[in-house]
Structures are given as C-alpha cells and as structure tokens.
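Colleague: What follows is a structure written as structure tokens; I'll ask about it next.
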Amino acid sequence: MPLSRSAPPKSAGLARSALRSALVLAASVLAGCASIPEPTLQADVPAQWHNTRAGAPAPDPASWWKAYGDPLLDGLVEQALAENLTVAEAHARLQAARKLHGVADTPYRPELAFRTRDAVAADARSSYFQAGFDATWELGLFGRSEAAERLARADLDAAAATLQGARVSVVAEVVRTYRELRHAQAREQLLNEAVALQERQVELVSLRQRTSLASRIDTERAQAALEQARAALADPGVAIRQSALRLATLLGRNEPDPAWTRAPAATTVAPMRAAIRSAPADILRTRPDIQMAQARVLDAAGALGIARADLYPRLGLGGSLTIASNFANNFNRRGDAATSTQAIFSLGPLIDIPLFDWGRRQATERARGDELEAALLAYRQAVLNGVAEAESALIELDEYRQRREAEERALQALERASDHARRLTASKLSSEFDNADLASRRIQAGLALSATTLAQDLAFISLHKAVGGGGVPTSYALRTPPQGGGTGGPAEPDPRCPGCAGGTAEVAAGVAWRD
C-alpha cells in the first residue's frame with residue numbers, strides 16, 4: 001500500500017517560522033498594554049472600636065462561646081462544625097473550586113487530540129477514512145490568561161467565603177439555640193414556682209372564705225390567677241422542645257438528644273462585657289460577606305480582562321498529522337481500483353481577528369468596567385455594614401449589661417424582703433397571705449432578669465457573629481492568594497494592606513488600581 005507525504009519546501013518552513021516569531025513578539029509587546037491591573041480594595045475602617053469598654057476582659061475570638069464555661073455547649077459546637085450538613089456542603093464546594101482552580105490555565109497550554117472521520121466525496125463515487133492528531137496552543141495574550149486565572153481564583157475565594165460563612169452561622173446558631181433552651185428552662189422553673197404560689201393562694205383564700213374573711217369573688221379571682229399561671233407554662237415548654245429540635249438539625253441529626261432537655265446544674269455565668277480583642281481591620285479577613293464581596297471584585301476584574309482581550313486578535317499555534325485512506329469507490333468502484341493511503345502534516349499560526357460586530361465587543365468591555373466599579377462599591381458598603389453591625393452589637397451588649405445589673409439589684413432587694421417577711425410570718429407577726437404579693441413580685445423580677453440576660457446573650461452572640469468569630473479554623477482559613485494562584489492555606493499578610501493580619505484592605509477613597 002503506497003504511503004505518500006506532502007512536505008513544504010525548506011525555505012517556506014523558515015519563512016513561516018520567522019513569521020510566527022514576529023507575531024509572538026508583537027503580541028507580547030501589546031499584551032502589556034491590554035491586560036487589566038488587579039484592583040486595589042479600599043475600605044474605610046476606624047483604627048479602633050468606639051463602643052468598647054476599655055480594659056474589660058474579652059474572650060478569644062476563635063472560641064468565644066467558651067466564655068460561658070459550659071462543657072456541654074463546647075461539645076455541641078464542635079459536633080456541629082464536624083457534622084453540620086451545610087458546612088459539609090460548603091466544604092465539598094470548596095474542594096471542587098480548588099480542583100478547578102488548579103487547572104485554570106490549561107486552556108492556554110498546548111493541547112493534543114486524536115480524531116477520526118469518515119469523508120464521502122460530493123459525487124458519492126469514493127469515501128475516505130481519516131485519522132490523525134491535532135495540536136493547538138492558544139497563547140493567551142492581551143491579558144486573557146491572567147483574566148481566566150482571576151475568574152478561577154474568584155470562584156475559589158467565593159467558595160472559601162461560603163464555607164467560612166457557614167461555619168460562623170452554625171456556631172452562632174448553636175450557641176443562640178442552646179442559650180435559648182437554657183433560658184426557657186429557667187423561665188419554666190420560675191413559672192412552676194408561680195403555679196405553686198398561686199395554688200397556695202387558692203388554699204388560703206378558700207380558708208378565708210370559710211371563715212367569712214373573703215368572698216366568693218376573691219376565691220374565683222385566685223382560681224383564675226392559678227389557671228393563668230398554669231397556661232403560661234406552655235410558652236417555655238414549646239421553646240424547650242423547639243430549641244432541642246433546632247439543635248438536632250444543626251448537628252445533622254433527625255431527633256434531639258434527651259440529655260439536652262435535662263435541667264442543668266446551677267452555674268454562674270460571668271457577665272458579658274462590651275469588649276472584643278480584634279480590631280476593626282480584622283473583619284476584612286474574618287467576616288464572610290466581606291470576603292464574598294472581595295471575591296466578586298476579583299470576578300468582575302477577570303470578566304473585564306476577558307472582555308478587553310476580546311478586542312484584540314486571538315493568537316496561537318496549531319499543527320496536525322492526518323492519515324487518509326481511500327477504501328472503496330462505493331458502487332462505481334472498478335475491480336482493479338486500488339486503495340491508497342496518504343499522510344499530511346501541517347504546522348502554522350492560528351489567528352482570529354475580530355473585524356466588525358456593530359460595537360458589541362466595545363459595549364461589553366465598557367459594561368464589564370461598570371460592573372467592576374459596582375463590585376468595588378459593594379465591597380466598601382459591605383465593610384461599612386460589618387463595622388456598623390459590630391458597633392451596634394457592642395452598644396446593645398453594654399446597655400443590656402447595665403439593665404441586667406439594675407434588675408439583679410432589684411431581685412436581690414426583693415429576696416431580702418421575702419426573707420424578712422418569712423421571719424415575720426414565723427414569728428406570727430405577719431401572715432402568709434399578706435406576703436403573697438411580695439413573693440409574686442420576686443418571681444416576676446426573676447422572669448424579667450431572665451429575659452434581659454437572654455437579650456444580653458443574643459447581643460454577645462451577634463457581636464461575635466458580626467466580626468466573623470469562630471469561623472476560621474487553621475485547616476479552612478481564608479487567605480489572600482499570591483499573585484498567579486494558590487490553592488489555599490492559612491491567612492497571610494497582604495502586601496497591599498500594611499498592618500493587616502490578612503486579607504486585602506487599604507483605607508482610602510475612590511477607585512485605585514495596583515500597577
């Protein structure tokens with residue numbers, strides 16, 4: 001079977017090689033003018049918090065929930081971080097983004113493919129079987145390859161921010177739900193005391209009615225108060241069961257653990273102060289929505305880079321080796337017709353030059369620039385929102401602390417009065433019926449204190465959620481990737497933000513670009 005190869009003259013090959021070199025050199029020179037510099041993120045953050053208590057103790061931001069000193073709560077948080085399905089989903093998506101980021105530059109590396117094809121002549125007198133190799137290499141000039149890498153890095157950072165947000169939210173929700181459960185149990189205990197008090201009141205009023213010291217109206221009023229006290233027990237009962245169910249959901253379970261609803265041992269929780277160890281600039285690397293806004297800026301910059309690269313030619317190199325075999329001439333084939341096999345090799349530049357598209361590419365490039373501007377503004381707004389939320393939580397925490405201290409003093413005064421009343425009753429200087437109102441006021445003061453303590457706990461939780469506390473363990477820490485990529489690792493200082501612990505920020509105004 002004859003095998004023939006068509007080869008270009010040597011002089012023609014040298015000419016093509018020189019042409020390719022000239023094209024690559026010219027494109028390299030133009031690429032520096034076409035690529036988009038990476039935007040410098042700017043954030044207006046204060047040097048320090050304005051509503052903190054100077055010198056007040058503050059918990060470790062990475063494990064702030066341990067300030068409650070509750071081993072059961074500590075265990076629930078660790079279990080939630082390990083078993084929560086939302087966290088697991090976010091982690092799986094981060095792993096997928098890391099794998100795709102690792103191959104983000106492959107479209108601009110040499111590629112080799114094998115293909116086969118059946119070709120039939122137009123007159124249907126012969127057919128060919130073709131097989132061969134195709135090699136292509138798009139050079140990714142004019143900033144195209146850098147833009148593609150930014151898009152992949154933006155997806156990676158967005159997935160990391162999603163994971164961080166899931167962890168921060170899960171920690172905050174577990175602590176919130178657990179504290180609501182414990183406060184519901186405390187309210188249930190106080191309301192049980194109120195029921196017992198009202199039951200005793202019914203007995204005393206009934207006794208007074210039998211001795212003609214009270215009327216039937218007094219008895220019915222006492223009975224109504226008793227039924228109201230019993231009805232009030234429904235609220236903490238519902239809260240306890242719902243809180244336990246929410247805890248089970250947060251821990252990836254279908255039913256709660258009965259141990260969660262058991263009455264806890266009496267413990268003293270230190271009052272939560274309006275203090276925090278981290279500085280305002282730290283939220284730039286710990287707050288998930290700010291990290292997500294940063295990823296969107298990077299994504300917009302990558303999209304702008306692609307749009308600008310589309311204004312220029314796409315250059316590359318291509319080659320192929322094709323073997324074609326004529327097996328038959330179909331119905332008109334003669335008996336003495338011989339099949340032939342031929343091989344052909346080609347190599348040359350790949351040039352795609354946009355000429356006219358009614359201004360579509362220019363409009364796309366301008367639109368991507370506007371989207372980048374919008375992403376930068378959204379980033380600045382996210383920073384402002386984060387600082388405002390943290391400051392608001394600090395204000396609430398301080399106000400509820402003062403209110404709680406006042407209610408504690410009121411409850412202590414009522415307890416002292418109740419003790420004195422019991423001594424008078426024991427000395428026959430006063431009656432139990434006369435002191436019932438004082439006991440009821442003491443219970444109401446305890447309920448008010450419990451509600452204020454819960455509000456203070458919620459403000460404490462909101463504070464640490466606002467600053468992204470508890471969501472960045474070493475294995476999943478967000479980082480600012482080095483120029484040119486990276487697949488993860490601990491947070492590193494960013495040269496664009498001197499003094500920042502990690503992330504990207506500069507205190508400035510307007511839109512700036514890194515040269």
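As shown in the structure tokens, the chain order sets the letters A, B, ...; within each chain, residues go from 1, and ligands are also counted from 1 in the order they appear.
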Counting only C-alpha atoms, which residues in range 329-419 of chain A sit no more than 12 Å from range 132-138 of chain A? For each one, give the nearest pair of atoms and the distance in Å, sorted by chain then residue number, as a Markdown table.
Modeller:
| residue | atom | partner | partner_atom | distance |
| --- | --- | --- | --- | --- |
| A:Gln342 | CA | A:Gly132 | CA | 11.3 |
| A:Ala343 | CA | A:Gly132 | CA | 8.9 |
| A:Ile344 | CA | A:Gly132 | CA | 9.3 |
| A:Phe345 | CA | A:Phe133 | CA | 9.5 |
| A:Ser346 | CA | A:Asp134 | CA | 9.5 |
| A:Leu347 | CA | A:Ala135 | CA | 9.0 |
| A:Gly348 | CA | A:Thr136 | CA | 9.9 |
| A:Pro349 | CA | A:Trp137 | CA | 9.4 |
| A:Leu350 | CA | A:Glu138 | CA | 8.0 |
| A:Ile351 | CA | A:Glu138 | CA | 9.5 |
| A:Asp352 | CA | A:Glu138 | CA | 10.6 |
Colleague: How many Å lie between CA of Val45 in chain A and CA of Val297 in chain A, rounded to one decimal?
Modeller: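 These two atoms are separated by 18.4 Å.
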Colleague: So, counting only C-alpha atoms, which residue among A:Ala248, A:Leu376, A:Leu315, A:Ala445 is closest to Thr261 in chain A?
Modeller: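 Comparing A:Ala248, A:Leu376, A:Leu315, A:Ala445 against Thr261 in chain A, the winner is A:Ala248.
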Colleague: Could you give me, as a ChimeraX atom specification, the residues within 10 Å of Leu250 in chain A, counting only C-alpha atoms and dropping anything in the same chain fewer than 5 positions from it?
Modeller: /A:76-77,79-81,83-87,170-171,173-174,177,244-245
Colleague: Mind the document's chain letters and residue numbers, and return as an MDAnalysis selection string the residues of range 224-462 of chain A that DSSP labels alpha helix (DSSP H).
Modeller: chainID A and resid 224:232 234:250 283:286 288:309 360:426 436:462
Colleague: Go through A:Trp358, A:Tyr178, A:Tyr379, A:Trp260 and flag the residue nearest Ala300 in chain A, using only C-alpha atoms for the distances.
Modeller: A:Tyr379
Colleague: Return as a list in words the full set of residues in range 180-397 of chain A whose backbone-based DSSP assignment is strand (DSSP E).
Modeller: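 Taking range 180-397 of chain A and keeping strand (DSSP E) gives Arg314, Leu315, Gly316, Leu317, Gly318, Gly319, Ser320, Leu321, Thr322, Ile323, Ala324, Ser325, Asn326, Phe327, Ala328, Ser340, Thr341, Gln342, Ala343, Ile344, Phe345, Ser346, Leu347, Gly348, Pro349, Leu350, Ile351 and Asp352 of chain A.
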Colleague: Could you work out how far CA of Gly446 in chain A lies from CA of Leu226 in chain A, giving the answer in Å with one decimal?
Modeller: 18.4 Å
Colleague: What is the CA of Gln402 in chain A to CA of His420 in chain A distance in Å?
Modeller: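 Going from CA of Gln402 in chain A over to CA of His420 in chain A covers 27.4 Å.
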Colleague: Near Ser418 in chain A, within 8 Å and counting only C-alpha atoms, which residues show up once chain neighbours fewer than 5 positions away are dropped, as a list in words?
Modeller: Asn435, Leu438, Ala439 and Arg442 of chain A
Colleague: I'd like to know which of A:Ala131, A:Leu251, A:Ala378, A:Ala154 is closest to Arg115 in chain A, using only C-alpha atoms.
Modeller: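 Nearest to Arg115 in chain A: A:Ala131.
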Colleague: Considering only C-alpha atoms, state which residue in the set A:Val103, A:Ala382, A:Val175, A:Leu355 is at the smallest distance from Arg246 in chain A.
Modeller: A:Val175
Colleague: Counting only C-alpha atoms, which of A:Arg380, A:Arg117, A:Arg368, A:Arg314 gets nearest to Ala293 in chain A?
Modeller: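 Once distances to Ala293 in chain A are computed over only C-alpha atoms, the minimum belongs to A:Arg380.
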Colleague: Which residue out of A:Leu139, A:Leu233, A:Leu298, A:Ala172 has the minimum interatomic distance to Lys465 in chain A when only C-alpha atoms are used?
Modeller: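 Closest to Lys465 in chain A of all the choices is A:Ala172.
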Colleague: Would you list the contacts of range 197-206 of chain A as a VMD selection string, taking every protein, DNA or RNA residue within 8 Å and counting only C-alpha atoms, but skipping same-chain residues closer than 2 positions in sequence?
Modeller: chain A and resid 193 to 195 208 to 210 214 218 to 219 222 to 223 225 to 226 229 433 436 439 to 440
